[in-house]
There are 2 protein chains.
Amino acid sequence: MATKSRSIGRETPRIGGTFVHFSVANEIGQRIVRGDYPPGTILPNEAEWSEMFGVGRSVVREAIKMLMAKNLLASRPKIGSWVEPRERWNLLDREVLTWYAASPERHTFLKTVQEFRYIIEPEAAALASQRRSESQMEAISKACHEMGTARTLSERTAADTRFHLAILRAAGNELLLPLGALIDSALEGLFVFVTREVNDIRHAQDLHEDIEKSIRLQRPDAARKAVRRLLANTDAVIARQGGGGRPAPGPG
Amino acid sequence: MATKSRSIGRETPRIGGTFVHFSVANEIGQRIVRGDYPPGTILPNEAEWSEMFGVGRSVVREAIKMLMAKNLLASRPKIGSWVEPRERWNLLDREVLTWYAASPERHTFLKTVQEFRYIIEPEAAALASQRRSESQMEAISKACHEMGTARTLSERTAADTRFHLAILRAAGNELLLPLGALIDSALEGLFVFVTREVNDIRHAQDLHEDIEKSIRLQRPDAARKAVRRLLANTDAVIARQGGGGRPAPGPG
DNA sequence: TTATCAGATTTATCAGACAATATATTGACG
DNA sequence: CGTCAATATATTGTCTGATAAATCTGATAA
């Protein structure tokens with residue numbers, strides 16, 4: 001309370017394109033999602049934020065507008081800004097999801113997302129195997145191959161993401177792609193967990209190749225099942241090691 | 001062009017909680033989504049918007065921040081604001097979806113959404129039939145019954161929406177609910193299309209009751225199939241009358 | 001007890017300034 | 001004539017201070 005957190009204002013002049021209102025939105029958003037201000041709470045007023053972060057009031061206002069666009073909060077004159085009920089939050093937003101993934105409820109989040117993937121991804125793969133173009137197939141195969149030959153973990157994860165996105169793109173539904181992108185980006189920070197032992201990696205790679213093959217051969221049912229196997233494997237890996245719900249590792 | 005559109009500024013003092021920056025965000029967002037400014041286009045600068053709408057620059061900036069939060073545009077000093085490529089748009093946002101539904105590509109939109117519902121809703125119903133609580137079941141049954149006894153079209157539509165949302169809530173996945181809410185709210189304006197003849201309504205009601213029954217009896221497979229039947233019916237109705245892609249009727 | 005009105009508080013909006021930054025122009029030099 | 005560096009310029013980013021509007025609180029009056 002007493003200590004102004006000062007880490008956002010002009011003292012940190014300008015960190016690589018990170019504009020101040022982004023930082024402020026990020027900070028406030030994260031606090032809301034992780035539960036510092038439960039739904040219904042009246043937030044500190046603009047002047048207080050302004051002083052807390054050492055930024056101008058317009059910056060605070062712009063940040064708040066961004067959070068309003070995500071339905072995290074709303075405001076009215078004389079009342080102030082308050083946290084909206086959870087049901088209204090725009091959970092299907094990359095940043096909100098990222099904040100959620102970094103919150104204490106990380107574990108719940110992971111469970112929810114995995115279940116959600118069971119709904120989306122098998123169907124996406126099935127659609128992809130029916131509608132893929134040649135060039136889309138190429139992209140899928142390429143990403144799959146790069147997963148296999150990746151030297152570092154981050155390389156592999158990146159290829160994995162490309163693989164999933166390529167499938168979603170090939171599925172040819174404009175809503176599916178952003179949804180998948182959302183999930184992937186939200187899981188990004190948690191994927192470091194799910195691949196650790198070499199055996200896991202080999203097995204996962206086989207499962208990915210099954211998917212690739214099914215799509216290549218245009219077999220929707222096989223694709224569906226292959227994706228389900230991959231998800232089940234991911235579940236198992238998570239359960240094996242993530243049970244304790246331990247804190248996330250530092251970024252990087 | 002020459003005529004400043006003036007319909008947004010202070011001259012229209014304050015229409016029922018509609019703040020000016022919302023109107024501005026709405027106007028600009030709609031223009032972007034309907035293609036007035038294709039991706040990559042540099043938008044008019046803040047001063048121009050400000051003059052165009054007859055509002056202060058801060059209002060324009062706050063509106064732009066809201067659109068940035070939806071990834072419709074981005075901006076940098078000296079460049080200005082530009083429309084982001086479509087793939088980056090936050091299509092899974094209620095307002096963006098609404099704008100899309102009102103755009104000339106309405107027909108594409110409807111097709112995409114319907115296909116998407118085939119992915120989401122059957123699984124949601126299946127989950128709901130496994131996990132519903134008694135009180136959730138009550139809500140589902142109540143909404144279904146109210147659909148049957150509704151006197152006006154808008155009453156029926158409202159009950160229909162409640163029905164779908166109740167199922168999604170009962171499915172017990174935190175991501176499913178907003179997704180469904182999104183779809184329903186996006187379709188709201190288009191649902192006036194899909195129910196016109198009395199026979200259609202009777203048939204649709206039967207299909208809804210099949211879903212309700214399957215969930216009540218906790219039969220996931222039956223629920224899945226019942227939802228698919230309902231969707232197929234909706235498809236058929238749309239195809240029968242929406243083929244021409246004619247303009248939407250006025251609001252109300 | 002209830003209805004009405006004044007005051008206080010907070011956001012909404014406006015206006016004007018300076019800073020930061022990336023493009024475009026211009027000039028110097030080989 | 002071509003290449004590179006310095007400068008000019010346009011635009012957003014940010015700050016500051018002021019006024020308007022809205023609504024909650026409490027006081028006052030019927």
# chains A, B, ... in the order shown; residues from 1 in each chain; ligands from 1
>>> interface_residues(of="chain D", to="chain B", cutoff="7 Å", atoms="only C-alpha atoms (C1' of nucleotides)", output="list of chain:residue names")
D:DA10, D:DT11, D:DT12
>>> residues_around(residues="Arg34 (chain B)", least_positions_apart="5", cutoff="9 Å", atoms="only C-alpha atoms (C1' of nucleotides)", output="ChimeraX atom specification")
/B:29,99-100,102-105
>>> write_last_selection(atoms="all heavy atoms", output="PDB file, in the first residue's frame")
ATOM      1  N   GLY B  29     -15.059   0.158 -35.389  1.00  0.00           N
ATOM      2  CA  GLY B  29     -14.969  -1.298 -35.450  1.00  0.00           C
ATOM      3  C   GLY B  29     -15.830  -1.871 -36.565  1.00  0.00           C
ATOM      4  O   GLY B  29     -15.380  -2.715 -37.338  1.00  0.00           O
ATOM      5  N   TRP B  99     -20.433  -7.270 -35.250  1.00  0.00           N
ATOM      6  CA  TRP B  99     -20.117  -6.466 -36.429  1.00  0.00           C
ATOM      7  C   TRP B  99     -20.017  -7.337 -37.671  1.00  0.00           C
ATOM      8  O   TRP B  99     -20.478  -6.974 -38.751  1.00  0.00           O
ATOM      9  CB  TRP B  99     -18.800  -5.705 -36.212  1.00  0.00           C
ATOM     10  CG  TRP B  99     -18.869  -4.723 -35.091  1.00  0.00           C
ATOM     11  CD1 TRP B  99     -19.970  -4.046 -34.647  1.00  0.00           C
ATOM     12  CD2 TRP B  99     -17.792  -4.310 -34.227  1.00  0.00           C
ATOM     13  NE1 TRP B  99     -19.647  -3.254 -33.577  1.00  0.00           N
ATOM     14  CE2 TRP B  99     -18.324  -3.384 -33.307  1.00  0.00           C
ATOM     15  CE3 TRP B  99     -16.427  -4.618 -34.155  1.00  0.00           C
ATOM     16  CZ2 TRP B  99     -17.551  -2.770 -32.325  1.00  0.00           C
ATOM     17  CZ3 TRP B  99     -15.650  -4.012 -33.186  1.00  0.00           C
ATOM     18  CH2 TRP B  99     -16.212  -3.099 -32.272  1.00  0.00           C
ATOM     19  N   TYR B 100     -19.419  -8.507 -37.479  1.00  0.00           N
ATOM     20  CA  TYR B 100     -19.272  -9.445 -38.595  1.00  0.00           C
ATOM     21  C   TYR B 100     -20.653  -9.861 -39.081  1.00  0.00           C
ATOM     22  O   TYR B 100     -20.932  -9.889 -40.288  1.00  0.00           O
ATOM     23  CB  TYR B 100     -18.471 -10.650 -38.120  1.00  0.00           C
ATOM     24  CG  TYR B 100     -17.982 -11.584 -39.199  1.00  0.00           C
ATOM     25  CD1 TYR B 100     -18.176 -11.322 -40.553  1.00  0.00           C
ATOM     26  CD2 TYR B 100     -17.309 -12.756 -38.866  1.00  0.00           C
ATOM     27  CE1 TYR B 100     -17.715 -12.186 -41.526  1.00  0.00           C
ATOM     28  CE2 TYR B 100     -16.843 -13.625 -39.838  1.00  0.00           C
ATOM     29  CZ  TYR B 100     -17.061 -13.345 -41.162  1.00  0.00           C
ATOM     30  OH  TYR B 100     -16.600 -14.211 -42.120  1.00  0.00           O
ATOM     31  N   ALA B 102     -23.219  -8.285 -39.065  1.00  0.00           N
ATOM     32  CA  ALA B 102     -23.920  -7.185 -39.724  1.00  0.00           C
ATOM     33  C   ALA B 102     -23.211  -6.756 -41.002  1.00  0.00           C
ATOM     34  O   ALA B 102     -23.642  -5.830 -41.662  1.00  0.00           O
ATOM     35  CB  ALA B 102     -24.039  -5.993 -38.773  1.00  0.00           C
ATOM     36  N   SER B 103     -22.128  -7.435 -41.331  1.00  0.00           N
ATOM     37  CA  SER B 103     -21.340  -7.019 -42.493  1.00  0.00           C
ATOM     38  C   SER B 103     -21.888  -7.663 -43.764  1.00  0.00           C
ATOM     39  O   SER B 103     -22.753  -8.531 -43.705  1.00  0.00           O
ATOM     40  CB  SER B 103     -19.882  -7.436 -42.301  1.00  0.00           C
ATOM     41  OG  SER B 103     -19.713  -8.792 -42.646  1.00  0.00           O
ATOM     42  N   PRO B 104     -21.413  -7.217 -44.910  1.00  0.00           N
ATOM     43  CA  PRO B 104     -21.865  -7.797 -46.174  1.00  0.00           C
ATOM     44  C   PRO B 104     -21.570  -9.292 -46.258  1.00  0.00           C
ATOM     45  O   PRO B 104     -22.240 -10.015 -46.978  1.00  0.00           O
ATOM     46  CB  PRO B 104     -21.045  -7.035 -47.223  1.00  0.00           C
ATOM     47  CG  PRO B 104     -20.613  -5.786 -46.560  1.00  0.00           C
ATOM     48  CD  PRO B 104     -20.481  -6.093 -45.111  1.00  0.00           C
ATOM     49  N   GLU B 105     -20.580  -9.733 -45.475  1.00  0.00           N
ATOM     50  CA  GLU B 105     -20.234 -11.155 -45.529  1.00  0.00           C
ATOM     51  C   GLU B 105     -21.085 -11.981 -44.566  1.00  0.00           C
ATOM     52  O   GLU B 105     -20.693 -13.071 -44.163  1.00  0.00           O
ATOM     53  CB  GLU B 105     -18.753 -11.345 -45.206  1.00  0.00           C
ATOM     54  CG  GLU B 105     -17.847 -10.628 -46.178  1.00  0.00           C
ATOM     55  CD  GLU B 105     -16.385 -10.828 -45.817  1.00  0.00           C
ATOM     56  OE1 GLU B 105     -15.874 -11.928 -46.087  1.00  0.00           O
ATOM     57  OE2 GLU B 105     -15.767  -9.900 -45.263  1.00  0.00           O
TER      58      GLU B 105
END
>>> closest_atom_pairs(of="chain C", to="chain B", cutoff="6 Å", atoms="only C-alpha atoms (C1' of nucleotides)", output="CSV")
residue,atom,partner,partner_atom,distance
C:DC14,C1',B:Gly56,CA,5.7
C:DT21,C1',B:Pro77,CA,5.9
C:DA22,C1',B:Lys78,CA,5.8
>>> write_last_selection(atoms="all heavy atoms", output="PDB file, in the first residue's frame")
ATOM      1  P    DC C  14     -15.401  15.143 -26.256  1.00  0.00           P
ATOM      2  OP1  DC C  14     -16.398  15.568 -27.257  1.00  0.00           O
ATOM      3  OP2  DC C  14     -14.460  14.055 -26.545  1.00  0.00           O
ATOM      4  O5'  DC C  14     -14.572  16.416 -25.788  1.00  0.00           O
ATOM      5  C5'  DC C  14     -15.250  17.477 -25.138  1.00  0.00           C
ATOM      6  C4'  DC C  14     -14.253  18.510 -24.676  1.00  0.00           C
ATOM      7  O4'  DC C  14     -13.515  17.982 -23.554  1.00  0.00           O
ATOM      8  C3'  DC C  14     -13.213  18.909 -25.740  1.00  0.00           C
ATOM      9  O3'  DC C  14     -13.301  20.295 -25.999  1.00  0.00           O
ATOM     10  C2'  DC C  14     -11.869  18.537 -25.115  1.00  0.00           C
ATOM     11  C1'  DC C  14     -12.190  18.463 -23.634  1.00  0.00           C
ATOM     12  N1   DC C  14     -11.310  17.509 -22.887  1.00  0.00           N
ATOM     13  C2   DC C  14     -10.489  17.992 -21.868  1.00  0.00           C
ATOM     14  O2   DC C  14     -10.495  19.195 -21.606  1.00  0.00           O
ATOM     15  N3   DC C  14      -9.701  17.116 -21.198  1.00  0.00           N
ATOM     16  C4   DC C  14      -9.730  15.827 -21.505  1.00  0.00           C
ATOM     17  N4   DC C  14      -8.943  15.006 -20.804  1.00  0.00           N
ATOM     18  C5   DC C  14     -10.565  15.313 -22.544  1.00  0.00           C
ATOM     19  C6   DC C  14     -11.332  16.185 -23.206  1.00  0.00           C
ATOM     20  P    DT C  21      11.451   6.336 -28.246  1.00  0.00           P
ATOM     21  OP1  DT C  21      11.255   5.016 -27.632  1.00  0.00           O
ATOM     22  OP2  DT C  21      12.767   7.010 -28.224  1.00  0.00           O
ATOM     23  O5'  DT C  21      10.959   6.258 -29.757  1.00  0.00           O
ATOM     24  C5'  DT C  21       9.593   5.982 -30.017  1.00  0.00           C
ATOM     25  C4'  DT C  21       9.329   6.137 -31.498  1.00  0.00           C
ATOM     26  O4'  DT C  21       9.076   7.528 -31.808  1.00  0.00           O
ATOM     27  C3'  DT C  21      10.488   5.703 -32.399  1.00  0.00           C
ATOM     28  O3'  DT C  21       9.959   4.967 -33.478  1.00  0.00           O
ATOM     29  C2'  DT C  21      11.071   7.028 -32.875  1.00  0.00           C
ATOM     30  C1'  DT C  21       9.782   7.839 -32.983  1.00  0.00           C
ATOM     31  N1   DT C  21       9.947   9.313 -33.045  1.00  0.00           N
ATOM     32  C2   DT C  21       9.090  10.023 -33.851  1.00  0.00           C
ATOM     33  O2   DT C  21       8.207   9.507 -34.500  1.00  0.00           O
ATOM     34  N3   DT C  21       9.298  11.378 -33.858  1.00  0.00           N
ATOM     35  C4   DT C  21      10.262  12.074 -33.157  1.00  0.00           C
ATOM     36  O4   DT C  21      10.353  13.287 -33.252  1.00  0.00           O
ATOM     37  C5   DT C  21      11.130  11.270 -32.337  1.00  0.00           C
ATOM     38  C7   DT C  21      12.215  11.919 -31.540  1.00  0.00           C
ATOM     39  C6   DT C  21      10.939   9.941 -32.318  1.00  0.00           C
ATOM     40  P    DA C  22      10.672   3.599 -33.921  1.00  0.00           P
ATOM     41  OP1  DA C  22      10.092   2.446 -33.226  1.00  0.00           O
ATOM     42  OP2  DA C  22      12.128   3.854 -33.861  1.00  0.00           O
ATOM     43  O5'  DA C  22      10.235   3.518 -35.460  1.00  0.00           O
ATOM     44  C5'  DA C  22       8.858   3.642 -35.783  1.00  0.00           C
ATOM     45  C4'  DA C  22       8.706   4.440 -37.063  1.00  0.00           C
ATOM     46  O4'  DA C  22       8.982   5.834 -36.803  1.00  0.00           O
ATOM     47  C3'  DA C  22       9.662   4.038 -38.186  1.00  0.00           C
ATOM     48  O3'  DA C  22       8.946   4.015 -39.402  1.00  0.00           O
ATOM     49  C2'  DA C  22      10.722   5.129 -38.183  1.00  0.00           C
ATOM     50  C1'  DA C  22       9.878   6.322 -37.776  1.00  0.00           C
ATOM     51  N9   DA C  22      10.635   7.418 -37.164  1.00  0.00           N
ATOM     52  C8   DA C  22      11.653   7.320 -36.258  1.00  0.00           C
ATOM     53  N7   DA C  22      12.147   8.477 -35.877  1.00  0.00           N
ATOM     54  C5   DA C  22      11.387   9.400 -36.569  1.00  0.00           C
ATOM     55  C6   DA C  22      11.418  10.808 -36.599  1.00  0.00           C
ATOM     56  N6   DA C  22      12.273  11.546 -35.882  1.00  0.00           N
ATOM     57  N1   DA C  22      10.528  11.427 -37.409  1.00  0.00           N
ATOM     58  C2   DA C  22       9.679  10.682 -38.125  1.00  0.00           C
ATOM     59  N3   DA C  22       9.559   9.350 -38.171  1.00  0.00           N
ATOM     60  C4   DA C  22      10.452   8.763 -37.363  1.00  0.00           C
TER      61       DA C  22
END
>>> closest_atom_pairs(of="chain B", to="chain A", cutoff="9 Å", atoms="only C-alpha atoms", output="JSON lines")
{"residue": "B:Gly17", "atom": "CA", "partner": "A:Arg76", "partner_atom": "CA", "distance": 8.9}
{"residue": "B:Ser58", "atom": "CA", "partner": "A:Ser58", "partner_atom": "CA", "distance": 7.8}
{"residue": "B:Arg61", "atom": "CA", "partner": "A:Glu62", "partner_atom": "CA", "distance": 7.4}
{"residue": "B:Glu62", "atom": "CA", "partner": "A:Glu62", "partner_atom": "CA", "distance": 5.3}
{"residue": "B:Ala63", "atom": "CA", "partner": "A:Lys65", "partner_atom": "CA", "distance": 7.6}
{"residue": "B:Ile64", "atom": "CA", "partner": "A:Glu62", "partner_atom": "CA", "distance": 8.9}
{"residue": "B:Lys65", "atom": "CA", "partner": "A:Met66", "partner_atom": "CA", "distance": 5.7}
{"residue": "B:Met66", "atom": "CA", "partner": "A:Met66", "partner_atom": "CA", "distance": 4.8}
{"residue": "B:Leu67", "atom": "CA", "partner": "A:Ala69", "partner_atom": "CA", "distance": 7.7}
{"residue": "B:Met68", "atom": "CA", "partner": "A:Met66", "partner_atom": "CA", "distance": 7.5}
{"residue": "B:Ala69", "atom": "CA", "partner": "A:Met66", "partner_atom": "CA", "distance": 5.3}
{"residue": "B:Lys70", "atom": "CA", "partner": "A:Ala69", "partner_atom": "CA", "distance": 7.3}
{"residue": "B:Arg76", "atom": "CA", "partner": "A:Gly17", "partner_atom": "CA", "distance": 8.9}
{"residue": "B:Glu87", "atom": "CA", "partner": "A:Pro178", "partner_atom": "CA", "distance": 7.4}
{"residue": "B:Arg88", "atom": "CA", "partner": "A:Pro178", "partner_atom": "CA", "distance": 7.7}
{"residue": "B:Trp89", "atom": "CA", "partner": "A:Pro178", "partner_atom": "CA", "distance": 8.1}
{"residue": "B:Asn90", "atom": "CA", "partner": "A:Pro178", "partner_atom": "CA", "distance": 7.2}
{"residue": "B:Leu91", "atom": "CA", "partner": "A:Leu175", "partner_atom": "CA", "distance": 6.8}
{"residue": "B:Leu92", "atom": "CA", "partner": "A:Leu92", "partner_atom": "CA", "distance": 6.3}
{"residue": "B:Asp93", "atom": "CA", "partner": "A:Asn90", "partner_atom": "CA", "distance": 7.4}
{"residue": "B:Arg94", "atom": "CA", "partner": "A:Asn90", "partner_atom": "CA", "distance": 8.6}
{"residue": "B:Phe109", "atom": "CA", "partner": "A:Glu174", "partner_atom": "CA", "distance": 8.8}
{"residue": "B:Thr112", "atom": "CA", "partner": "A:Asn173", "partner_atom": "CA", "distance": 6.1}
{"residue": "B:Val113", "atom": "CA", "partner": "A:Leu175", "partner_atom": "CA", "distance": 7.6}
{"residue": "B:Glu115", "atom": "CA", "partner": "A:Asn173", "partner_atom": "CA", "distance": 7.8}
{"residue": "B:Phe116", "atom": "CA", "partner": "A:Leu175", "partner_atom": "CA", "distance": 7.1}
{"residue": "B:Ile119", "atom": "CA", "partner": "A:Glu123", "partner_atom": "CA", "distance": 6.5}
{"residue": "B:Ile120", "atom": "CA", "partner": "A:Ile119", "partner_atom": "CA", "distance": 6.7}
{"residue": "B:Glu123", "atom": "CA", "partner": "A:Ile119", "partner_atom": "CA", "distance": 6.5}
{"residue": "B:Ala124", "atom": "CA", "partner": "A:Ile119", "partner_atom": "CA", "distance": 8.4}
{"residue": "B:Asn173", "atom": "CA", "partner": "A:Thr112", "partner_atom": "CA", "distance": 6.2}
{"residue": "B:Glu174", "atom": "CA", "partner": "A:Thr112", "partner_atom": "CA", "distance": 6.7}
{"residue": "B:Leu175", "atom": "CA", "partner": "A:Leu91", "partner_atom": "CA", "distance": 6.8}
{"residue": "B:Leu176", "atom": "CA", "partner": "A:Phe116", "partner_atom": "CA", "distance": 7.5}
{"residue": "B:Leu177", "atom": "CA", "partner": "A:Glu87", "partner_atom": "CA", "distance": 8.2}
{"residue": "B:Pro178", "atom": "CA", "partner": "A:Leu91", "partner_atom": "CA", "distance": 7.1}
{"residue": "B:Leu179", "atom": "CA", "partner": "A:Leu92", "partner_atom": "CA", "distance": 7.5}
>>> write_last_selection(atoms="N, CA and C atoms", output="CSV table (one decimal), in the first residue's frame")
chain,number,residue,atom,x,y,z
B,17,GLY,N,-27.0,5.6,-21.1
B,17,GLY,CA,-25.8,4.9,-20.8
B,17,GLY,C,-24.8,4.7,-21.9
B,58,SER,N,-9.2,12.5,-26.8
B,58,SER,CA,-9.1,11.4,-25.8
B,58,SER,C,-10.1,10.4,-26.0
B,61,ARG,N,-8.9,8.2,-28.7
B,61,ARG,CA,-7.9,7.3,-28.2
B,61,ARG,C,-8.4,6.2,-27.4
B,62,GLU,N,-9.4,6.5,-26.5
B,62,GLU,CA,-9.9,5.4,-25.7
B,62,GLU,C,-10.7,4.4,-26.6
B,63,ALA,N,-11.4,4.9,-27.6
B,63,ALA,CA,-12.0,4.0,-28.5
B,63,ALA,C,-11.0,3.1,-29.2
B,64,ILE,N,-9.9,3.7,-29.7
B,64,ILE,CA,-8.9,3.0,-30.4
B,64,ILE,C,-8.3,1.9,-29.5
B,65,LYS,N,-8.1,2.3,-28.2
B,65,LYS,CA,-7.6,1.3,-27.2
B,65,LYS,C,-8.5,0.1,-27.1
B,66,MET,N,-9.8,0.3,-27.2
B,66,MET,CA,-10.7,-0.8,-27.1
B,66,MET,C,-10.5,-1.7,-28.3
B,67,LEU,N,-10.4,-1.1,-29.5
B,67,LEU,CA,-10.2,-1.9,-30.7
B,67,LEU,C,-8.9,-2.6,-30.7
B,68,MET,N,-7.9,-2.0,-30.1
B,68,MET,CA,-6.6,-2.6,-30.0
B,68,MET,C,-6.7,-3.9,-29.1
B,69,ALA,N,-7.5,-3.8,-28.1
B,69,ALA,CA,-7.7,-4.9,-27.2
B,69,ALA,C,-8.4,-6.0,-27.9
B,70,LYS,N,-9.0,-5.8,-29.0
B,70,LYS,CA,-9.7,-6.8,-29.8
B,70,LYS,C,-8.8,-7.2,-31.0
B,76,ARG,N,1.4,2.9,-34.0
B,76,ARG,CA,2.8,3.3,-33.5
B,76,ARG,C,2.9,4.8,-33.8
B,87,GLU,N,-6.4,-12.6,-39.7
B,87,GLU,CA,-6.1,-13.7,-38.8
B,87,GLU,C,-5.9,-13.3,-37.4
B,88,ARG,N,-5.5,-12.0,-37.2
B,88,ARG,CA,-5.2,-11.6,-35.8
B,88,ARG,C,-6.4,-11.1,-35.1
B,89,TRP,N,-7.5,-10.8,-35.9
B,89,TRP,CA,-8.7,-10.3,-35.2
B,89,TRP,C,-9.2,-11.2,-34.2
B,90,ASN,N,-9.7,-10.7,-33.1
B,90,ASN,CA,-10.2,-11.4,-32.1
B,90,ASN,C,-11.7,-11.8,-32.4
B,91,LEU,N,-11.8,-12.7,-33.4
B,91,LEU,CA,-13.2,-13.0,-33.8
B,91,LEU,C,-14.0,-13.6,-32.7
B,92,LEU,N,-13.4,-14.1,-31.6
B,92,LEU,CA,-14.2,-14.7,-30.5
B,92,LEU,C,-14.5,-13.6,-29.5
B,93,ASP,N,-15.0,-12.5,-30.0
B,93,ASP,CA,-15.4,-11.4,-29.2
B,93,ASP,C,-16.8,-11.0,-29.6
B,94,ARG,N,-17.6,-10.8,-28.6
B,94,ARG,CA,-19.0,-10.5,-28.8
B,94,ARG,C,-19.2,-9.4,-29.8
B,109,PHE,N,-20.5,-15.7,-42.8
B,109,PHE,CA,-20.5,-15.7,-41.3
B,109,PHE,C,-21.5,-16.8,-40.8
B,112,THR,N,-20.2,-20.3,-41.4
B,112,THR,CA,-19.1,-20.6,-40.5
B,112,THR,C,-19.6,-20.9,-39.1
B,113,VAL,N,-20.6,-20.1,-38.6
B,113,VAL,CA,-21.1,-20.3,-37.3
B,113,VAL,C,-21.8,-21.6,-37.2
B,115,GLU,N,-21.4,-24.3,-38.9
B,115,GLU,CA,-20.5,-25.4,-38.9
B,115,GLU,C,-19.8,-25.5,-37.5
B,116,PHE,N,-19.5,-24.4,-36.9
B,116,PHE,CA,-18.9,-24.3,-35.6
B,116,PHE,C,-19.8,-24.9,-34.6
B,119,ILE,N,-19.6,-28.5,-34.1
B,119,ILE,CA,-18.5,-29.0,-33.3
B,119,ILE,C,-18.8,-28.9,-31.8
B,120,ILE,N,-19.3,-27.7,-31.4
B,120,ILE,CA,-19.4,-27.4,-30.0
B,120,ILE,C,-20.6,-28.1,-29.3
B,123,GLU,N,-21.3,-31.9,-28.3
B,123,GLU,CA,-20.4,-32.3,-27.2
B,123,GLU,C,-20.9,-31.7,-25.9
B,124,ALA,N,-21.3,-30.4,-26.0
B,124,ALA,CA,-21.7,-29.7,-24.8
B,124,ALA,C,-22.9,-30.4,-24.2
B,173,ASN,N,-18.0,-26.6,-18.3
B,173,ASN,CA,-16.7,-26.2,-18.7
B,173,ASN,C,-16.6,-24.7,-18.9
B,174,GLU,N,-15.7,-24.1,-18.2
B,174,GLU,CA,-15.7,-22.6,-18.1
B,174,GLU,C,-15.5,-21.9,-19.5
B,175,LEU,N,-14.9,-22.7,-20.4
B,175,LEU,CA,-14.7,-22.1,-21.7
B,175,LEU,C,-15.9,-22.2,-22.6
B,176,LEU,N,-16.6,-23.3,-22.4
B,176,LEU,CA,-17.7,-23.6,-23.3
B,176,LEU,C,-18.8,-22.5,-23.1
B,177,LEU,N,-19.0,-22.1,-21.9
B,177,LEU,CA,-20.1,-21.2,-21.7
B,177,LEU,C,-20.0,-19.9,-22.4
B,178,PRO,N,-18.8,-19.2,-22.3
B,178,PRO,CA,-18.7,-18.0,-23.0
B,178,PRO,C,-18.7,-18.2,-24.5
B,179,LEU,N,-18.2,-19.3,-25.0
B,179,LEU,CA,-18.3,-19.6,-26.4
B,179,LEU,C,-19.7,-19.7,-26.9
>>> residues_around(residues="DG30 (chain C)", least_positions_apart="2", cutoff="12 Å", atoms="only C-alpha atoms (C1' of nucleotides)", output="count of residues only")
5
>>> residues_around(residues="Glu188 (chain B)", least_positions_apart="5", cutoff="12 Å", atoms="only C-alpha atoms (C1' of nucleotides)", output="list in words")
Arg94, Leu97, Thr98, Ala101, Ala102, Leu110, Leu153, Ser154, Arg156, Thr157, Ala158, Ala159, Asp160, Thr161, Arg162, Gly180, Ala181, Leu182, Ile183, Phe193, Val194, Pro251 and Gly252 of chain B
>>> residues_around(residues="DC18 (chain C)", least_positions_apart="4", cutoff="12 Å", atoms="only C-alpha atoms (C1' of nucleotides)", output="ChimeraX atom specification")
/D:13-16
>>> atom_distance(atom1="CA of Arg219 (chain A)", atom2="CA of Asp221 (chain B)")
22.5 Å
>>> residues_around(residues="DA5 (chain D)", least_positions_apart="5", cutoff="12 Å", atoms="only C-alpha atoms (C1' of nucleotides)", output="PDB file with N, CA and C atoms (P, O5', C5', C4', C3', O3' and C1' of nucleotides), in the first residue's frame")
ATOM      1  P    DT C  26      13.408  17.654 -50.483  1.00  0.00           P
ATOM      2  O5'  DT C  26      14.831  18.069 -49.907  1.00  0.00           O
ATOM      3  C5'  DT C  26      14.943  18.486 -48.544  1.00  0.00           C
ATOM      4  C4'  DT C  26      16.367  18.307 -48.075  1.00  0.00           C
ATOM      5  C3'  DT C  26      17.426  18.712 -49.103  1.00  0.00           C
ATOM      6  O3'  DT C  26      18.239  19.738 -48.557  1.00  0.00           O
ATOM      7  C1'  DT C  26      17.946  16.618 -48.099  1.00  0.00           C
ATOM      8  P    DG C  27      19.198  20.561 -49.525  1.00  0.00           P
ATOM      9  O5'  DG C  27      20.637  20.122 -49.025  1.00  0.00           O
ATOM     10  C5'  DG C  27      20.900  20.094 -47.630  1.00  0.00           C
ATOM     11  C4'  DG C  27      22.104  19.218 -47.358  1.00  0.00           C
ATOM     12  C3'  DG C  27      23.298  19.488 -48.275  1.00  0.00           C
ATOM     13  O3'  DG C  27      24.459  19.740 -47.490  1.00  0.00           O
ATOM     14  C1'  DG C  27      22.797  17.160 -48.214  1.00  0.00           C
ATOM     15  P    DA C  28      25.771  20.251 -48.152  1.00  0.00           P
ATOM     16  O5'  DA C  28      26.763  19.056 -47.820  1.00  0.00           O
ATOM     17  C5'  DA C  28      26.780  18.519 -46.499  1.00  0.00           C
ATOM     18  C4'  DA C  28      27.562  17.217 -46.488  1.00  0.00           C
ATOM     19  C3'  DA C  28      28.893  17.276 -47.235  1.00  0.00           C
ATOM     20  O3'  DA C  28      29.915  16.653 -46.459  1.00  0.00           O
ATOM     21  C1'  DA C  28      27.575  15.526 -48.120  1.00  0.00           C
ATOM     22  P    DC C  29      31.429  16.877 -46.782  1.00  0.00           P
ATOM     23  O5'  DC C  29      31.875  15.470 -47.361  1.00  0.00           O
ATOM     24  C5'  DC C  29      31.525  14.277 -46.662  1.00  0.00           C
ATOM     25  C4'  DC C  29      31.581  13.101 -47.621  1.00  0.00           C
ATOM     26  C3'  DC C  29      32.824  13.068 -48.512  1.00  0.00           C
ATOM     27  O3'  DC C  29      33.567  11.888 -48.241  1.00  0.00           O
ATOM     28  C1'  DC C  29      30.865  12.585 -49.749  1.00  0.00           C
TER      29       DC C  29
END
>>> atom_distance(atom1="CA of Leu43 (chain A)", atom2="CA of Val83 (chain A)")
7.2 Å
